[in-house]
$ cat final29.pdb   # PDB, C-alpha atoms, pLDDT in the B column
ATOM      1  CA  MET K   1    -112.244 -59.921  73.098  1.00 93.00           C
ATOM      2  CA  PRO K   2    -114.641 -57.142  74.204  1.00 96.00           C
ATOM      3  CA  MET K   3    -117.881 -58.147  75.923  1.00 97.00           C
ATOM      4  CA  TYR K   4    -121.285 -56.729  75.024  1.00 98.00           C
ATOM      5  CA  ILE K   5    -124.776 -56.966  76.458  1.00 98.00           C
ATOM      6  CA  LEU K   6    -127.741 -56.724  74.105  1.00 97.00           C
ATOM      7  CA  MET K   7    -131.109 -55.777  75.582  1.00 97.00           C
ATOM      8  CA  ASN K   8    -134.152 -56.463  73.382  1.00 95.00           C
ATOM      9  CA  ALA K   9    -137.854 -55.751  73.656  1.00 94.00           C
ATOM     10  CA  MET K  10    -140.304 -57.436  71.313  1.00 90.00           C
ATOM     11  CA  ARG K  11    -143.772 -56.600  70.118  1.00 86.00           C
ATOM     12  CA  ASP K  12    -145.381 -60.033  70.155  1.00 83.00           C
ATOM     13  CA  PRO K  13    -144.080 -63.249  71.742  1.00 82.00           C
ATOM     14  CA  ARG K  14    -146.016 -65.498  69.369  1.00 84.00           C
ATOM     15  CA  GLY K  15    -143.767 -67.453  67.063  1.00 83.00           C
ATOM     16  CA  ARG K  16    -140.784 -66.523  69.213  1.00 84.00           C
ATOM     17  CA  LYS K  17    -139.043 -69.886  68.762  1.00 87.00           C
ATOM     18  CA  THR K  18    -139.067 -69.536  64.973  1.00 88.00           C
ATOM     19  CA  VAL K  19    -138.085 -65.855  65.068  1.00 87.00           C
ATOM     20  CA  GLY K  20    -135.311 -66.612  67.561  1.00 88.00           C
ATOM     21  CA  LYS K  21    -133.850 -69.344  65.365  1.00 91.00           C
ATOM     22  CA  ALA K  22    -133.962 -67.079  62.294  1.00 91.00           C
ATOM     23  CA  TRP K  23    -132.267 -64.303  64.284  1.00 91.00           C
ATOM     24  CA  MET K  24    -129.491 -66.608  65.498  1.00 93.00           C
ATOM     25  CA  LYS K  25    -128.917 -67.979  61.976  1.00 95.00           C
ATOM     26  CA  LYS K  26    -128.608 -64.456  60.590  1.00 95.00           C
ATOM     27  CA  VAL K  27    -126.191 -63.427  63.356  1.00 95.00           C
ATOM     28  CA  GLN K  28    -124.075 -66.558  62.817  1.00 95.00           C
ATOM     29  CA  ASP K  29    -123.988 -65.935  59.067  1.00 96.00           C
ATOM     30  CA  LEU K  30    -123.104 -62.226  59.298  1.00 96.00           C
ATOM     31  CA  CYS K  31    -121.060 -62.300  62.522  1.00 96.00           C
ATOM     32  CA  PRO K  32    -119.378 -65.723  62.765  1.00 97.00           C
ATOM     33  CA  GLU K  33    -116.736 -64.363  65.143  1.00 97.00           C
ATOM     34  CA  VAL K  34    -119.326 -63.618  67.883  1.00 98.00           C
ATOM     35  CA  GLU K  35    -118.977 -65.896  70.932  1.00 97.00           C
ATOM     36  CA  TRP K  36    -122.204 -66.320  72.926  1.00 96.00           C
ATOM     37  CA  ILE K  37    -121.959 -66.371  76.698  1.00 97.00           C
ATOM     38  CA  ALA K  38    -125.616 -66.312  77.782  1.00 97.00           C
ATOM     39  CA  HIS K  39    -129.195 -65.667  76.659  1.00 95.00           C
ATOM     40  CA  TYR K  40    -131.927 -64.806  79.165  1.00 97.00           C
ATOM     41  CA  ALA K  41    -135.622 -64.011  79.052  1.00 95.00           C
ATOM     42  CA  ILE K  42    -136.055 -61.288  81.675  1.00 96.00           C
ATOM     43  CA  LEU K  43    -138.683 -59.194  83.440  1.00 96.00           C
ATOM     44  CA  GLY K  44    -138.808 -55.416  83.137  1.00 94.00           C
ATOM     45  CA  PRO K  45    -138.698 -53.050  80.165  1.00 94.00           C
ATOM     46  CA  TYR K  46    -136.705 -55.562  78.086  1.00 96.00           C
ATOM     47  CA  ASP K  47    -137.695 -59.117  77.178  1.00 94.00           C
ATOM     48  CA  PHE K  48    -134.265 -60.601  76.458  1.00 95.00           C
ATOM     49  CA  MET K  49    -130.660 -60.104  77.479  1.00 97.00           C
ATOM     50  CA  ASP K  50    -127.807 -61.584  75.468  1.00 97.00           C
ATOM     51  CA  ILE K  51    -124.206 -61.532  76.640  1.00 98.00           C
ATOM     52  CA  TYR K  52    -121.523 -62.107  74.040  1.00 98.00           C
ATOM     53  CA  HIS K  53    -117.980 -61.377  72.938  1.00 98.00           C
ATOM     54  CA  ALA K  54    -117.399 -59.537  69.677  1.00 98.00           C
ATOM     55  CA  PRO K  55    -114.123 -58.390  68.156  1.00 97.00           C
ATOM     56  CA  ASP K  56    -115.207 -54.764  67.740  1.00 96.00           C
ATOM     57  CA  GLU K  57    -118.021 -52.221  67.960  1.00 95.00           C
ATOM     58  CA  GLU K  58    -118.946 -52.664  64.310  1.00 96.00           C
ATOM     59  CA  THR K  59    -119.772 -56.308  64.953  1.00 97.00           C
ATOM     60  CA  ALA K  60    -121.792 -55.371  68.048  1.00 97.00           C
ATOM     61  CA  HIS K  61    -123.697 -52.837  65.939  1.00 96.00           C
ATOM     62  CA  ARG K  62    -124.385 -55.538  63.372  1.00 96.00           C
ATOM     63  CA  VAL K  63    -125.852 -57.844  66.065  1.00 96.00           C
ATOM     64  CA  SER K  64    -128.094 -55.015  67.270  1.00 95.00           C
ATOM     65  CA  LEU K  65    -129.211 -54.147  63.727  1.00 95.00           C
ATOM     66  CA  ILE K  66    -130.062 -57.771  63.033  1.00 95.00           C
ATOM     67  CA  SER K  67    -132.252 -57.772  66.149  1.00 93.00           C
ATOM     68  CA  ARG K  68    -134.154 -54.741  64.904  1.00 92.00           C
ATOM     69  CA  SER K  69    -134.545 -56.275  61.454  1.00 90.00           C
ATOM     70  CA  GLN K  70    -135.985 -59.437  63.023  1.00 87.00           C
ATOM     71  CA  GLY K  71    -138.782 -57.633  64.868  1.00 85.00           C
ATOM     72  CA  ALA K  72    -137.313 -56.227  68.077  1.00 91.00           C
ATOM     73  CA  ILE K  73    -138.978 -52.906  68.883  1.00 92.00           C
ATOM     74  CA  THR K  74    -135.818 -51.870  70.643  1.00 92.00           C
ATOM     75  CA  ALA K  75    -132.287 -53.235  70.710  1.00 93.00           C
ATOM     76  CA  GLU K  76    -129.835 -51.573  73.052  1.00 94.00           C
ATOM     77  CA  SER K  77    -126.198 -52.659  73.231  1.00 94.00           C
ATOM     78  CA  TRP K  78    -123.884 -52.003  76.148  1.00 96.00           C
ATOM     79  CA  GLY K  79    -120.160 -52.568  76.474  1.00 96.00           C
ATOM     80  CA  ALA K  80    -119.245 -54.550  79.585  1.00 97.00           C
ATOM     81  CA  LEU K  81    -116.004 -54.951  81.504  1.00 95.00           C
ATOM     82  CA  PRO K  82    -115.454 -57.816  83.959  1.00 94.00           C
ATOM     83  CA  TYR K  83    -115.237 -56.572  87.534  1.00 96.00           C
ATOM     84  CA  ASP K  84    -111.716 -57.925  88.040  1.00 96.00           C
ATOM     85  CA  ARG K  85    -110.560 -55.698  85.171  1.00 95.00           C
ATOM     86  CA  TYR K  86    -112.533 -52.708  86.470  1.00 95.00           C
ATOM     87  CA  ILE K  87    -110.926 -52.549  89.942  1.00 96.00           C
ATOM     88  CA  PRO K  88    -107.401 -51.827  88.600  1.00 95.00           C
ATOM     89  CA  LEU K  89    -108.854 -48.886  86.661  1.00 94.00           C
ATOM     90  CA  VAL K  90    -110.382 -47.497  89.861  1.00 94.00           C
ATOM     91  CA  GLU K  91    -107.090 -47.925  91.680  1.00 93.00           C
ATOM     92  CA  GLU K  92    -105.242 -46.170  88.870  1.00 92.00           C
ATOM     93  CA  VAL K  93    -107.594 -43.178  89.034  1.00 92.00           C
ATOM     94  CA  GLU K  94    -107.351 -43.068  92.846  1.00 90.00           C
ATOM     95  CA  LYS K  95    -103.558 -42.727  92.561  1.00 87.00           C
ATOM     96  CA  LEU K  96    -103.995 -39.636  90.365  1.00 84.00           C
ATOM     97  CA  GLU K  97    -106.234 -37.833  92.862  1.00 73.00           C
ATOM     98  CA  CYS K  98    -104.599 -35.112  94.938  1.00 58.00           C
TER      99      CYS K  98
END

$ encode --input "final29.pdb" --output "structure tokens"
Amino acid sequence: MPMYILMNAMRDPRGRKTVGKAWMKKVQDLCPEVEWIAHYAILGPYDFMDIYHAPDEETAHRVSLISRSQGAITAESWGALPYDRYIPLVEEVEKLEC
């Protein structure tokens, strides 16, 4: 199943525990097929990073939209490919080079 990374920035950290639980409930209700890998609070321009598997881009969009609807000022989703699956792609392209 494809892997996605969701980067979120929030306006106000107060009440975060309650907001976070409401967000997760909404995601579980609307996207039950999502498999969570990790959730991190991070430093930098984003406050949170979530790593998850979703069956398709529409589901990943739904997760991002739910984040925005629950108060994130930005929600950016990235597709991710495990490194061990990336290297064969590089090798394939190298073979095509003249």

$ closest_residue --input "final29.pdb" --among "K:Leu30, K:Ala38, K:Val93, K:Ala72" --to "Asn8 (chain K)" --atoms "only C-alpha atoms"
K:Ala72

$ resolve_selection --input "final29.pdb" --expression "the PyMOL selection byres ((chain K and resi 40) around 9)" --output "PyMOL selection string"
chain K and resi 38-39+41-42+47-51

$ residues_around --input "final29.pdb" --residues "Cys31 (chain K)" --least-positions-apart "3" --cutoff "9 Å" --atoms "all atoms listed in the file" --output "JSON, numbers by chain"
{"K": [26, 27, 28, 34, 54, 59, 60, 62, 63]}

$ atom_distance --input "final29.pdb" --atom1 "CA of Val90 (chain K)" --atom2 "CA of Pro2 (chain K)"
18.9 Å

$ atom_distance --input "final29.pdb" --atom1 "CA of Trp36 (chain K)" --atom2 "CA of Leu89 (chain K)"
25.9 Å

$ closest_residue --input "final29.pdb" --among "K:Trp23, K:Glu94, K:Arg85, K:Glu35" --to "Tyr4 (chain K)" --atoms "all atoms listed in the file"
K:Glu35

$ atom_distance --input "final29.pdb" --atom1 "CA of Lys21 (chain K)" --atom2 "CA of His61 (chain K)"
19.4 Å

$ resolve_selection --input "final29.pdb" --expression "the PyMOL selection byres ((chain K and resi 11) around 9)" --output "JSON, numbers by chain"
{"K": [9, 10, 12, 13, 71, 72, 73]}

$ decode --input "final29.pdb" --residues "region 75-92 of chain K" --atoms "N, CA and C atoms" --output "CSV table (one decimal), in the first residue's frame"
chain,number,residue,atom,x,y,z
K,75,ALA,N,-1.6,21.9,5.7
K,75,ALA,CA,-1.5,20.4,5.7
K,75,ALA,C,-0.9,20.0,4.4
K,76,GLU,N,0.3,19.5,4.4
K,76,GLU,CA,1.0,19.2,3.1
K,76,GLU,C,1.2,17.7,3.1
K,77,SER,N,0.8,17.0,2.1
K,77,SER,CA,1.0,15.6,2.0
K,77,SER,C,2.0,15.2,0.9
K,78,TRP,N,2.9,14.3,1.2
K,78,TRP,CA,3.9,13.8,0.3
K,78,TRP,C,3.9,12.3,0.2
K,79,GLY,N,4.0,11.9,-1.1
K,79,GLY,CA,4.2,10.4,-1.3
K,79,GLY,C,5.6,10.0,-0.9
K,80,ALA,N,5.7,8.8,-0.4
K,80,ALA,CA,7.1,8.4,0.0
K,80,ALA,C,7.3,6.9,-0.5
K,81,LEU,N,8.5,6.7,-0.9
K,81,LEU,CA,8.9,5.4,-1.3
K,81,LEU,C,10.1,4.8,-0.5
K,82,PRO,N,9.9,3.7,0.1
K,82,PRO,CA,11.1,3.1,0.9
K,82,PRO,C,12.3,3.1,0.0
K,83,TYR,N,13.4,3.3,0.7
K,83,TYR,CA,14.7,3.4,0.0
K,83,TYR,C,15.1,2.1,-0.8
K,84,ASP,N,14.7,1.0,-0.2
K,84,ASP,CA,15.1,-0.3,-0.9
K,84,ASP,C,14.2,-0.5,-2.1
K,85,ARG,N,13.2,0.2,-2.3
K,85,ARG,CA,12.4,0.2,-3.6
K,85,ARG,C,12.8,1.3,-4.5
K,86,TYR,N,13.5,2.3,-4.0
K,86,TYR,CA,14.0,3.4,-4.8
K,86,TYR,C,15.3,3.0,-5.6
K,87,ILE,N,16.2,2.3,-5.0
K,87,ILE,CA,17.5,2.0,-5.6
K,87,ILE,C,17.3,1.2,-6.9
K,88,PRO,N,16.3,0.2,-7.0
K,88,PRO,CA,16.1,-0.4,-8.3
K,88,PRO,C,15.7,0.5,-9.4
K,89,LEU,N,14.9,1.6,-9.0
K,89,LEU,CA,14.5,2.6,-10.0
K,89,LEU,C,15.7,3.3,-10.5
K,90,VAL,N,16.6,3.7,-9.6
K,90,VAL,CA,17.8,4.4,-10.1
K,90,VAL,C,18.7,3.5,-11.0
K,91,GLU,N,18.8,2.2,-10.6
K,91,GLU,CA,19.6,1.3,-11.4
K,91,GLU,C,18.9,1.1,-12.8
K,92,GLU,N,17.6,1.1,-12.9
K,92,GLU,CA,16.9,1.0,-14.1
K,92,GLU,C,17.2,2.2,-15.0
